[in-house]
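The file work-v8.csv comes next; it holds CSV, C-alpha atoms.
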chain,number,residue,atom,x,y,z
A,24,MET,CA,27.6,-1.1,56.7
A,25,LYS,CA,31.1,0.5,56.8
A,26,LEU,CA,31.5,-0.4,53.1
A,27,LEU,CA,28.1,1.2,52.3
A,28,ASN,CA,29.0,4.3,54.2
A,29,THR,CA,32.3,4.6,52.3
A,30,TYR,CA,30.4,4.1,49.0
A,31,SER,CA,27.9,6.8,50.1
A,32,LEU,CA,30.7,9.2,50.9
A,33,LYS,CA,32.3,8.7,47.6
A,34,LEU,CA,29.0,9.2,45.8
A,35,LEU,CA,28.4,12.4,47.7
A,36,THR,CA,31.8,13.7,46.8
A,37,VAL,CA,31.2,12.9,43.1
A,38,ALA,CA,27.8,14.5,43.3
A,39,THR,CA,29.2,17.6,44.9
A,40,ALA,CA,31.9,17.9,42.2
A,41,VAL,CA,29.4,17.6,39.4
A,42,PHE,CA,27.2,20.2,41.1
A,43,ALA,CA,30.1,22.6,41.5
A,44,THR,CA,31.1,22.1,37.8
A,45,THR,CA,27.5,22.6,36.7
A,46,LEU,CA,27.3,25.9,38.6
A,47,TYR,CA,30.5,27.1,37.1
A,48,SER,CA,29.4,26.1,33.6
A,49,CYS,CA,26.3,28.2,34.1
A,50,ARG,CA,28.2,31.3,35.2
A,51,THR,CA,27.3,34.2,32.9
A,52,HIS,CA,29.2,37.1,34.5
A,53,PHE,CA,33.0,37.3,34.9
A,54,GLY,CA,33.8,41.0,35.5
A,55,MET,CA,36.2,43.3,33.8
A,56,PRO,CA,39.1,44.4,35.9
A,57,GLU,CA,40.5,48.0,35.7
A,58,HIS,CA,43.6,48.3,33.6
A,59,ASP,CA,45.5,51.0,31.9
A,60,TYR,CA,45.3,51.4,28.1
A,61,THR,CA,46.3,54.1,25.7
A,62,ARG,CA,45.7,53.9,22.0
A,63,LYS,CA,48.3,55.2,19.6
A,64,ASN,CA,47.3,56.6,16.2
A,65,THR,CA,50.2,56.7,13.8
A,66,ALA,CA,50.7,56.5,10.0
A,67,GLY,CA,48.7,53.6,8.6
A,68,THR,CA,46.9,52.8,11.8
A,69,ILE,CA,43.4,53.6,10.5
A,70,GLU,CA,43.9,51.7,7.2
A,71,ARG,CA,45.2,48.6,9.0
A,72,GLY,CA,42.4,48.8,11.5
A,73,ARG,CA,39.8,49.0,8.7
A,74,ASN,CA,41.3,45.9,7.1
A,75,LEU,CA,41.1,44.0,10.3
A,76,VAL,CA,37.6,45.0,11.2
A,77,TYR,CA,36.2,44.2,7.8
A,78,ASN,CA,38.0,40.8,7.7
A,79,LEU,CA,37.3,39.8,11.3
A,80,CYS,CA,33.8,41.4,11.8
A,81,GLY,CA,32.5,42.6,8.5
A,82,GLU,CA,30.6,39.5,7.4
A,83,CYS,CA,28.4,39.7,10.5
A,84,GLN,CA,28.6,43.4,11.4
A,85,PHE,CA,28.3,45.1,8.0
A,86,ASP,CA,24.8,45.9,6.7
A,87,ALA,CA,25.3,46.2,2.9
A,88,SER,CA,21.9,47.8,2.4
A,89,LEU,CA,23.1,50.7,4.6
A,90,SER,CA,26.8,50.5,3.9
A,91,SER,CA,27.1,50.6,7.7
A,92,LEU,CA,28.7,48.6,10.5
A,93,SER,CA,25.4,48.9,12.4
A,94,GLY,CA,25.0,45.1,12.7
A,95,ARG,CA,22.4,42.8,11.1
A,96,LYS,CA,20.1,39.9,11.9
A,97,ILE,CA,22.2,36.7,11.6
A,98,VAL,CA,19.7,34.7,9.6
A,99,GLU,CA,22.2,31.9,8.8
A,100,LEU,CA,22.1,30.5,12.3
A,101,PRO,CA,19.5,27.9,13.4
A,102,ARG,CA,16.2,29.3,14.7
A,103,SER,CA,16.4,26.9,17.6
A,104,ILE,CA,19.0,29.1,19.4
A,105,GLY,CA,16.9,32.2,19.2
A,106,THR,CA,17.0,35.5,17.3
A,107,ILE,CA,20.6,36.8,16.9
A,108,TYR,CA,21.7,40.3,15.9
A,109,SER,CA,25.3,41.3,15.6
A,110,ALA,CA,26.5,44.4,17.6
A,111,ASN,CA,26.3,47.9,16.4
A,112,LEU,CA,29.8,49.3,15.8
A,113,THR,CA,28.8,52.7,14.7
A,114,HIS,CA,28.9,55.9,16.9
A,115,TYR,CA,25.2,55.6,17.8
A,116,GLY,CA,24.3,57.1,21.1
A,117,THR,CA,25.1,55.1,24.2
A,118,THR,CA,23.7,51.8,22.9
A,119,GLY,CA,26.4,51.0,20.4
A,120,ILE,CA,29.6,49.3,21.5
A,121,VAL,CA,32.0,52.1,20.5
A,122,ASN,CA,30.5,55.0,22.5
A,123,ASN,CA,29.7,52.7,25.5
A,124,TYR,CA,33.2,51.3,25.9
A,125,SER,CA,36.5,52.8,27.0
A,126,ASP,CA,39.6,51.9,25.0
A,127,ALA,CA,40.7,49.6,27.8
A,128,GLN,CA,37.3,47.8,27.8
A,129,LEU,CA,37.4,47.4,24.0
A,130,ALA,CA,40.9,45.8,24.2
A,131,TYR,CA,39.7,43.5,27.0
A,132,LEU,CA,36.6,42.5,25.0
A,133,LEU,CA,38.7,41.7,21.9
A,134,LYS,CA,41.0,39.4,23.9
A,135,THR,CA,38.7,37.7,26.3
A,136,GLY,CA,35.2,37.9,25.0
A,137,ILE,CA,34.0,39.7,28.2
A,138,LYS,CA,31.8,42.7,27.8
A,139,ASN,CA,32.0,45.8,30.0
A,140,ASP,CA,29.0,44.6,32.0
A,141,GLY,CA,30.8,41.3,32.8
A,142,ARG,CA,28.8,39.1,30.4
A,143,PHE,CA,30.7,36.7,28.2
A,144,ILE,CA,30.1,36.5,24.4
A,145,PRO,CA,31.5,33.3,22.9
A,146,TYR,CA,32.0,34.5,19.3
A,147,MET,CA,34.7,37.2,19.8
A,148,ILE,CA,37.6,35.4,21.4
A,149,ARG,CA,41.1,36.4,20.1
A,150,PRO,CA,43.6,36.1,23.0
A,151,THR,CA,46.5,35.8,20.7
A,152,MET,CA,45.8,39.0,18.7
A,153,SER,CA,48.9,41.3,18.7
A,154,ASP,CA,48.9,44.5,20.7
A,155,GLU,CA,49.4,46.4,17.5
A,156,ASP,CA,46.3,44.9,15.8
A,157,VAL,CA,44.2,45.5,18.9
A,158,ASN,CA,45.4,49.2,18.9
A,159,ASP,CA,44.6,49.6,15.1
A,160,ILE,CA,41.1,48.1,15.5
A,161,ILE,CA,40.3,50.5,18.3
A,162,CYS,CA,41.7,53.5,16.4
A,163,PHE,CA,39.6,52.6,13.4
A,164,LEU,CA,36.5,52.2,15.5
A,165,ARG,CA,37.1,55.7,16.9
A,166,SER,CA,37.6,57.2,13.4
A,167,ASP,CA,35.2,59.1,11.2
A,168,ASP,CA,35.0,56.4,8.6
A,169,PRO,CA,31.6,56.6,6.8
A,170,ALA,CA,30.7,53.0,7.8
A,171,LEU,CA,30.8,54.2,11.4
A,172,THR,CA,28.4,57.1,11.0
A,173,PRO,CA,25.8,56.8,13.7
A,174,SER,CA,23.1,54.4,12.7
A,175,GLN,CA,20.3,52.8,14.7
A,176,MET,CA,20.8,49.3,15.9
A,177,ALA,CA,19.4,46.5,13.7
A,178,GLY,CA,17.7,44.7,16.5
A,179,LYS,CA,18.1,43.0,19.9
A,180,THR,CA,19.3,39.5,20.5
A,181,HIS,CA,17.0,37.0,22.3
A,182,LEU,CA,18.5,33.6,23.0
A,183,SER,CA,16.4,30.5,23.5
A,184,LEU,CA,17.1,28.1,26.3
A,185,ILE,CA,19.1,26.0,23.8
A,186,GLY,CA,21.0,29.1,22.7
A,187,LYS,CA,21.8,30.0,26.3
A,188,LEU,CA,23.1,26.5,27.0
A,189,ALA,CA,25.1,26.5,23.8
A,190,SER,CA,26.8,29.8,24.8
A,191,HIS,CA,28.1,28.2,28.0
A,192,THR,CA,30.1,25.6,26.1
A,193,GLN,CA,33.0,28.1,25.9
A,194,LYS,CA,34.7,30.1,28.5
A,195,PRO,CA,36.5,33.5,28.6
A,196,GLN,CA,40.2,33.6,27.6
A,197,PRO,CA,42.9,35.3,29.6
A,198,TYR,CA,43.9,38.9,28.8
A,199,ILE,CA,47.4,38.4,27.3
A,200,THR,CA,49.5,41.4,26.3
A,201,GLY,CA,53.0,41.8,24.8
A,202,ILE,CA,52.1,39.9,21.6
A,203,LYS,CA,53.9,41.2,18.5
A,204,ASN,CA,52.9,40.8,14.8
A,205,PRO,CA,55.0,38.3,12.9
A,206,ASP,CA,57.6,39.5,10.3
A,207,PRO,CA,55.5,40.5,7.2
A,208,ALA,CA,58.3,39.0,5.1
A,209,ASN,CA,57.8,35.6,6.7
A,210,ALA,CA,54.8,34.3,4.7
A,211,VAL,CA,54.3,31.1,6.7
A,212,ALA,CA,54.4,32.9,10.1
A,213,ASN,CA,52.2,35.6,8.9
A,214,GLY,CA,49.8,33.1,7.4
A,215,LYS,CA,49.7,31.2,10.7
A,216,TYR,CA,48.8,34.3,12.5
A,217,LEU,CA,46.0,35.2,10.1
A,218,VAL,CA,44.5,31.7,10.3
A,219,ASP,CA,44.4,32.2,14.0
A,220,ILE,CA,42.9,35.7,14.3
A,221,LEU,CA,40.5,35.2,11.4
A,222,GLY,CA,39.2,32.1,13.2
A,223,CYS,CA,39.6,29.7,10.3
A,224,TYR,CA,40.4,26.8,12.7
A,225,HIS,CA,37.2,27.5,14.6
A,226,CYS,CA,35.2,25.7,11.9
A,227,HIS,CA,37.9,23.7,10.1
A,228,SER,CA,38.9,21.6,13.2
A,229,LYS,CA,37.1,18.6,14.6
A,230,ASN,CA,34.6,20.2,17.0
A,231,ILE,CA,34.0,23.4,18.9
A,232,LEU,CA,34.7,21.9,22.3
A,233,GLY,CA,38.2,20.8,21.2
A,234,LEU,CA,39.4,24.3,20.2
A,235,ASP,CA,42.5,25.7,21.9
A,236,TYR,CA,42.3,29.5,21.6
A,237,GLN,CA,45.8,30.1,23.0
A,238,GLN,CA,47.6,27.5,21.0
A,239,PRO,CA,45.4,26.8,18.0
A,240,GLU,CA,47.5,24.1,16.5
A,241,ARG,CA,46.7,22.0,19.6
A,242,SER,CA,43.0,22.1,18.7
A,243,LYS,CA,41.5,18.6,18.2
A,244,GLY,CA,41.7,17.8,14.5
A,245,PHE,CA,43.3,21.1,13.7
A,246,MET,CA,42.4,22.1,10.2
A,247,ARG,CA,41.2,18.6,9.3
A,248,GLY,CA,37.6,19.8,9.0
A,249,GLY,CA,34.6,17.7,9.9
A,250,MET,CA,32.5,20.1,11.9
A,251,LYS,CA,28.8,19.7,11.0
A,252,PHE,CA,26.7,22.6,9.8
A,253,LYS,CA,23.6,23.3,7.8
A,254,ASN,CA,23.8,25.4,4.7
A,255,SER,CA,21.2,28.0,3.6
A,256,GLU,CA,19.1,25.2,2.1
A,257,GLY,CA,19.1,23.2,5.3
A,258,LYS,CA,21.3,20.5,4.0
A,259,LYS,CA,23.9,19.0,6.4
A,260,ILE,CA,27.5,19.7,5.4
A,261,ARG,CA,30.9,19.1,6.9
A,262,THR,CA,33.8,21.5,6.8
A,263,PRO,CA,36.6,20.3,4.5
A,264,TRP,CA,40.3,19.6,5.1
A,265,LEU,CA,42.5,22.6,4.7
A,266,ILE,CA,45.9,21.0,5.6
A,267,SER,CA,48.3,19.4,3.2
A,268,ASN,CA,47.2,16.0,2.1
A,269,GLU,CA,46.1,14.6,-1.2
A,270,THR,CA,42.4,15.7,-0.8
A,271,SER,CA,42.9,19.0,0.9
A,272,ILE,CA,42.0,22.4,-0.6
A,273,SER,CA,45.5,23.7,-0.2
A,274,LYS,CA,46.8,20.8,-2.3
A,275,ASN,CA,44.2,21.0,-5.0
A,276,TYR,CA,44.0,24.8,-5.4
A,277,SER,CA,46.7,26.9,-6.8
A,278,ALA,CA,47.6,30.0,-4.8
A,279,GLU,CA,45.6,32.2,-7.3
A,280,GLN,CA,42.6,29.8,-7.0
A,281,PHE,CA,42.7,29.8,-3.3
A,282,ARG,CA,43.0,33.6,-3.2
A,283,GLN,CA,40.0,34.0,-5.5
A,284,ALA,CA,37.9,31.5,-3.6
A,285,LEU,CA,38.5,33.4,-0.3
A,286,LYS,CA,37.7,36.8,-1.8
A,287,SER,CA,34.8,35.9,-4.0
A,288,GLY,CA,33.2,33.0,-2.2
A,289,VAL,CA,33.2,30.8,-5.3
A,290,THR,CA,35.4,27.8,-5.9
A,291,PRO,CA,37.5,27.4,-9.1
A,292,TYR,CA,34.8,24.9,-10.2
A,293,GLY,CA,32.0,27.4,-9.9
A,294,ARG,CA,30.4,26.2,-6.6
A,295,ARG,CA,29.4,28.9,-4.1
A,296,LEU,CA,31.0,28.3,-0.7
A,297,ASP,CA,28.5,27.3,2.0
A,298,PHE,CA,27.6,29.0,5.2
A,299,PRO,CA,29.3,29.6,7.6
A,300,MET,CA,32.2,30.3,5.3
A,301,PRO,CA,32.5,34.1,5.0
A,302,ILE,CA,33.6,36.0,1.9
A,303,PHE,CA,36.9,37.6,2.7
A,304,LYS,CA,36.6,40.3,0.0
A,305,TYR,CA,38.7,42.7,2.0
A,306,LEU,CA,41.7,40.5,2.3
A,307,THR,CA,44.8,41.7,0.4
A,308,ASP,CA,46.4,39.4,-2.1
A,309,LYS,CA,49.4,39.1,0.2
A,310,GLN,CA,47.3,38.1,3.2
A,311,ALA,CA,45.5,35.4,1.2
A,312,ASP,CA,48.8,34.1,-0.3
A,313,ASP,CA,50.4,34.0,3.2
A,314,MET,CA,47.5,31.9,4.5
A,315,TYR,CA,48.0,29.5,1.5
A,316,ALA,CA,51.7,29.3,2.3
A,317,TYR,CA,51.0,28.4,5.9
A,318,LEU,CA,48.4,25.7,5.0
A,319,ASN,CA,50.9,24.1,2.7
A,320,ALA,CA,53.6,24.2,5.3
A,321,LEU,CA,51.7,22.4,8.0
A,322,SER,CA,53.5,19.2,8.9
A,323,GLY,CA,52.1,15.7,8.8
A,324,LYS,CA,51.6,15.5,12.5
A,325,ASN,CA,48.5,17.6,12.1
A,326,ARG,CA,47.0,15.1,9.8
A,327,LYS,CA,47.3,12.3,12.4
A,328,GLN,CA,45.3,13.9,15.2

Please express the file's structure as structure tokens.
Amino acid sequence: MKLLNTYSLKLLTVATAVFATTLYSCRTHFGMPEHDYTRKNTAGTIERGRNLVYNLCGECQFDASLSSLSGRKIVELPRSIGTIYSANLTHYGTTGIVNNYSDAQLAYLLKTGIKNDGRFIPYMIRPTMSDEDVNDIICFLRSDDPALTPSQMAGKTHLSLIGKLASHTQKPQPYITGIKNPDPANAVANGKYLVDILGCYHCHSKNILGLDYQQPERSKGFMRGGMKFKNSEGKKIRTPWLISNETSISKNYSAEQFRQALKSGVTPYGRRLDFPMPIFKYLTDKQADDMYAYLNALSGKNRKQ
């Protein structure tokens, strides 16, 4: 009887722990603490911010038919997760993000993924973005760029139960400040930073649950590819290797071929790159070349994960 009671107590303890974990995993609101933030608009700020917004957000946020960052319906995602619309980044009333957020709230969203109403969105997580880049993005979003001219929102997101559960597989990241941009002359360091903030490793690592947003190179299967997706035709595909080995893209593409594939969405062999690979047509040649330099510099330890 004593043994049974001991077993029952252990079972109750385990059940309680599982229940508590489940409750936390279902948490949808995290709050946004008050913090001071002042943007600084200097020479080149808007131009750098435009480059960052188009490269980080443009594929989803830009509606080509309107030449506007008003958002669009994300038709590439599975219907099973619901109807998804990207956010309106224009200066549209009080429903768009820009007019509805303070600078401090925008900075917090970019770093943590937490909106100003406390809700967490799992697709905008950049805790290691530099303070300068966060500032430049905010300055651009506050600018009078034509793509930010007030435009009505494309639509409203409605997640299915599956979509809601999937969104809880990730958690907010900490709000880290004091991060500086790497030396532009250091191609490898700059390429590493770009691979991080552009989210290349989000798809080109082993799985979404194994990602380390604060130290990307510790992600499971970092840049080894293997994540499963469906292309526009519904065919199952896996993301390819990007790190240096005999079959990787960085070994089989020249720097020029890699650059053109990133910026055009077409491989040197004429094949169009599959979803969810974006077309980085706003990357500068230097940015693409620095990413190529980093991929070729990755050590063999990454290939053994």

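The closest residue to Glu155 in chain A, picked from A:Arg71, A:His227, A:Arg142, A:Arg282 and counting all atoms listed in the file, is A:Arg71.
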
Exercise for review: Considering all atoms listed in the file, return as a VMD selection string whatever protein or nucleic-acid residues lie within 9 Å of Lys63 in chain A, sequence-local ones (same chain, fewer than 2 positions apart) excluded.
Suggested key: chain A and resid 61 65 68 158 to 159 162

Close residues, range 293-299 of chain A itself excluded, 9 Å, only C-alpha atoms, min 2 positions apart in chain, as a CSV table (one decimal) with C-alpha atoms, keeping the file's coordinate frame:
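The resulting file, part-v7.csv, is shown below:
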chain,number,residue,atom,x,y,z
A,99,GLU,CA,22.2,31.9,8.8
A,100,LEU,CA,22.1,30.5,12.3
A,226,CYS,CA,35.2,25.7,11.9
A,252,PHE,CA,26.7,22.6,9.8
A,253,LYS,CA,23.6,23.3,7.8
A,254,ASN,CA,23.8,25.4,4.7
A,255,SER,CA,21.2,28.0,3.6
A,260,ILE,CA,27.5,19.7,5.4
A,284,ALA,CA,37.9,31.5,-3.6
A,287,SER,CA,34.8,35.9,-4.0
A,288,GLY,CA,33.2,33.0,-2.2
A,289,VAL,CA,33.2,30.8,-5.3
A,290,THR,CA,35.4,27.8,-5.9
A,291,PRO,CA,37.5,27.4,-9.1
A,301,PRO,CA,32.5,34.1,5.0
A,302,ILE,CA,33.6,36.0,1.9

Point to revise | Long-range neighbours of Lys179 in chain A as a list in words, 10 Å cut-off, all atoms listed in the file, 2 positions minimum in chain | key: Arg95, Lys96, Thr106, Ile107, Tyr108, Ser109, Ala110, Met176, Ala177, His181 and Leu182 of chain A

**Study point:** A:Leu75, A:Ile120, A:Leu217, A:Leu265 ranked by distance to Asp313 in chain A, top pick (using all atoms listed in the file)
**Key:** A:Leu217

Exercise for review: Between CA of Gly119 in chain A and CA of Tyr146 in chain A, measure the distance and give it in Å to one decimal.
Suggested key: 17.5 Å

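In terms of minimum interatomic distance to Ile104 in chain A, A:Leu188 ranks closest within A:Met147, A:Leu188, A:Ala66, A:Leu133, counting only C-alpha atoms.
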
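Distance-wise, CA of Pro101 in chain A and CA of Ser183 in chain A end up 10.9 Å apart.
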
Review point. To one decimal place, how far is CA of Ile69 in chain A from CA of Tyr224 in chain A in Å?
Key: 27.1 Å

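Using all atoms listed in the file, the smallest distance between any of A:Gly136, A:Pro145, A:Pro150, A:Gly248 and Tyr216 in chain A comes from A:Pro150.
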
Distance cut-off 9 Å, centre (32.9, 46.8, 10.9) in file coordinates, counting only C-alpha atoms: which residues qualify? Return them as a tab-separated table (two decimals) with C-alpha atoms, in the frame of the given file.
chain	number	residue	atom	x	y	z
A	73	ARG	CA	39.80	49.00	8.70
A	75	LEU	CA	41.10	44.00	10.30
A	76	VAL	CA	37.60	45.00	11.20
A	77	TYR	CA	36.20	44.20	7.80
A	78	ASN	CA	38.00	40.80	7.70
A	79	LEU	CA	37.30	39.80	11.30
A	80	CYS	CA	33.80	41.40	11.80
A	81	GLY	CA	32.50	42.60	8.50
A	82	GLU	CA	30.60	39.50	7.40
A	83	CYS	CA	28.40	39.70	10.50
A	84	GLN	CA	28.60	43.40	11.40
A	85	PHE	CA	28.30	45.10	8.00
A	91	SER	CA	27.10	50.60	7.70
A	92	LEU	CA	28.70	48.60	10.50
A	93	SER	CA	25.40	48.90	12.40
A	94	GLY	CA	25.00	45.10	12.70
A	111	ASN	CA	26.30	47.90	16.40
A	112	LEU	CA	29.80	49.30	15.80
A	113	THR	CA	28.80	52.70	14.70
A	164	LEU	CA	36.50	52.20	15.50
A	170	ALA	CA	30.70	53.00	7.80
A	171	LEU	CA	30.80	54.20	11.40

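Among the candidates A:Pro263, A:Tyr236, A:Phe281, A:Ser174, the one nearest to Thr135 in chain A when counting all atoms listed in the file is A:Tyr236.
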
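Of the listed residues A:Arg102, A:Phe245, A:Leu318, A:Tyr124, the one whose atoms come nearest to Leu184 in chain A is A:Arg102, with distances taken using all atoms listed in the file.
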
Exercise for review: For Arg261 in chain A, work out the shell of residues within 7 Å, counting all atoms listed in the file and skipping chain neighbours fewer than 3 positions away, then give it as a list in words.
Suggested key: Gly249, Met250, Lys251 and Phe252 of chain A

Point to revise | Non-local contacts of His52 in chain A (9 Å; all atoms listed in the file; under 4 positions in same chain excluded) as a PyMOL selection string | key: chain A and resi 137+140-143

Residue selection dump (C-alpha atoms) as a compact mmCIF listing (two decimals), in the coordinates of the input:
# COMPACT_ATOMS: atom_id res chain seq x y z
CA ILE A 137 34.00 39.70 28.20
CA ASP A 140 29.00 44.60 32.00
CA GLY A 141 30.80 41.30 32.80
CA ARG A 142 28.80 39.10 30.40
CA PHE A 143 30.70 36.70 28.20

Will you model N, CA and C atoms for range 141-156 of chain A and pass it back as a tab-separated table (two decimals), keeping the file's coordinate frame?
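So the final result, stored in selection.tsv, reads:
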chain	number	residue	atom	x	y	z
A	141	GLY	N	30.38	42.58	32.22
A	141	GLY	CA	30.80	41.30	32.80
A	141	GLY	C	30.26	40.08	32.05
A	142	ARG	N	29.36	40.29	31.10
A	142	ARG	CA	28.80	39.10	30.40
A	142	ARG	C	29.83	38.63	29.35
A	143	PHE	N	29.78	37.33	29.10
A	143	PHE	CA	30.70	36.70	28.20
A	143	PHE	C	29.99	36.41	26.84
A	144	ILE	N	30.60	36.81	25.72
A	144	ILE	CA	30.10	36.50	24.40
A	144	ILE	C	31.06	35.54	23.71
A	145	PRO	N	30.62	34.34	23.32
A	145	PRO	CA	31.50	33.30	22.90
A	145	PRO	C	32.04	33.44	21.43
A	146	TYR	N	31.58	34.44	20.68
A	146	TYR	CA	32.00	34.50	19.30
A	146	TYR	C	33.05	35.56	19.01
A	147	MET	N	33.57	36.21	20.04
A	147	MET	CA	34.70	37.20	19.80
A	147	MET	C	35.77	36.83	20.81
A	148	ILE	N	36.58	35.82	20.46
A	148	ILE	CA	37.60	35.40	21.40
A	148	ILE	C	38.96	35.37	20.59
A	149	ARG	N	39.81	36.35	20.85
A	149	ARG	CA	41.10	36.40	20.10
A	149	ARG	C	42.23	36.73	21.12
A	150	PRO	N	42.53	35.80	22.02
A	150	PRO	CA	43.60	36.10	23.00
A	150	PRO	C	44.95	36.25	22.46
A	151	THR	N	45.20	35.73	21.25
A	151	THR	CA	46.50	35.80	20.70
A	151	THR	C	46.69	36.97	19.67
A	152	MET	N	45.71	37.84	19.60
A	152	MET	CA	45.80	39.00	18.70
A	152	MET	C	46.94	39.91	19.22
A	153	SER	N	47.74	40.43	18.30
A	153	SER	CA	48.90	41.30	18.70
A	153	SER	C	48.39	42.60	19.28
A	154	ASP	N	49.24	43.18	20.10
A	154	ASP	CA	48.90	44.50	20.70
A	154	ASP	C	48.72	45.55	19.61
A	155	GLU	N	49.52	45.47	18.56
A	155	GLU	CA	49.40	46.40	17.50
A	155	GLU	C	48.06	46.33	16.77
A	156	ASP	N	47.61	45.11	16.53
A	156	ASP	CA	46.30	44.90	15.80
A	156	ASP	C	45.16	45.36	16.70
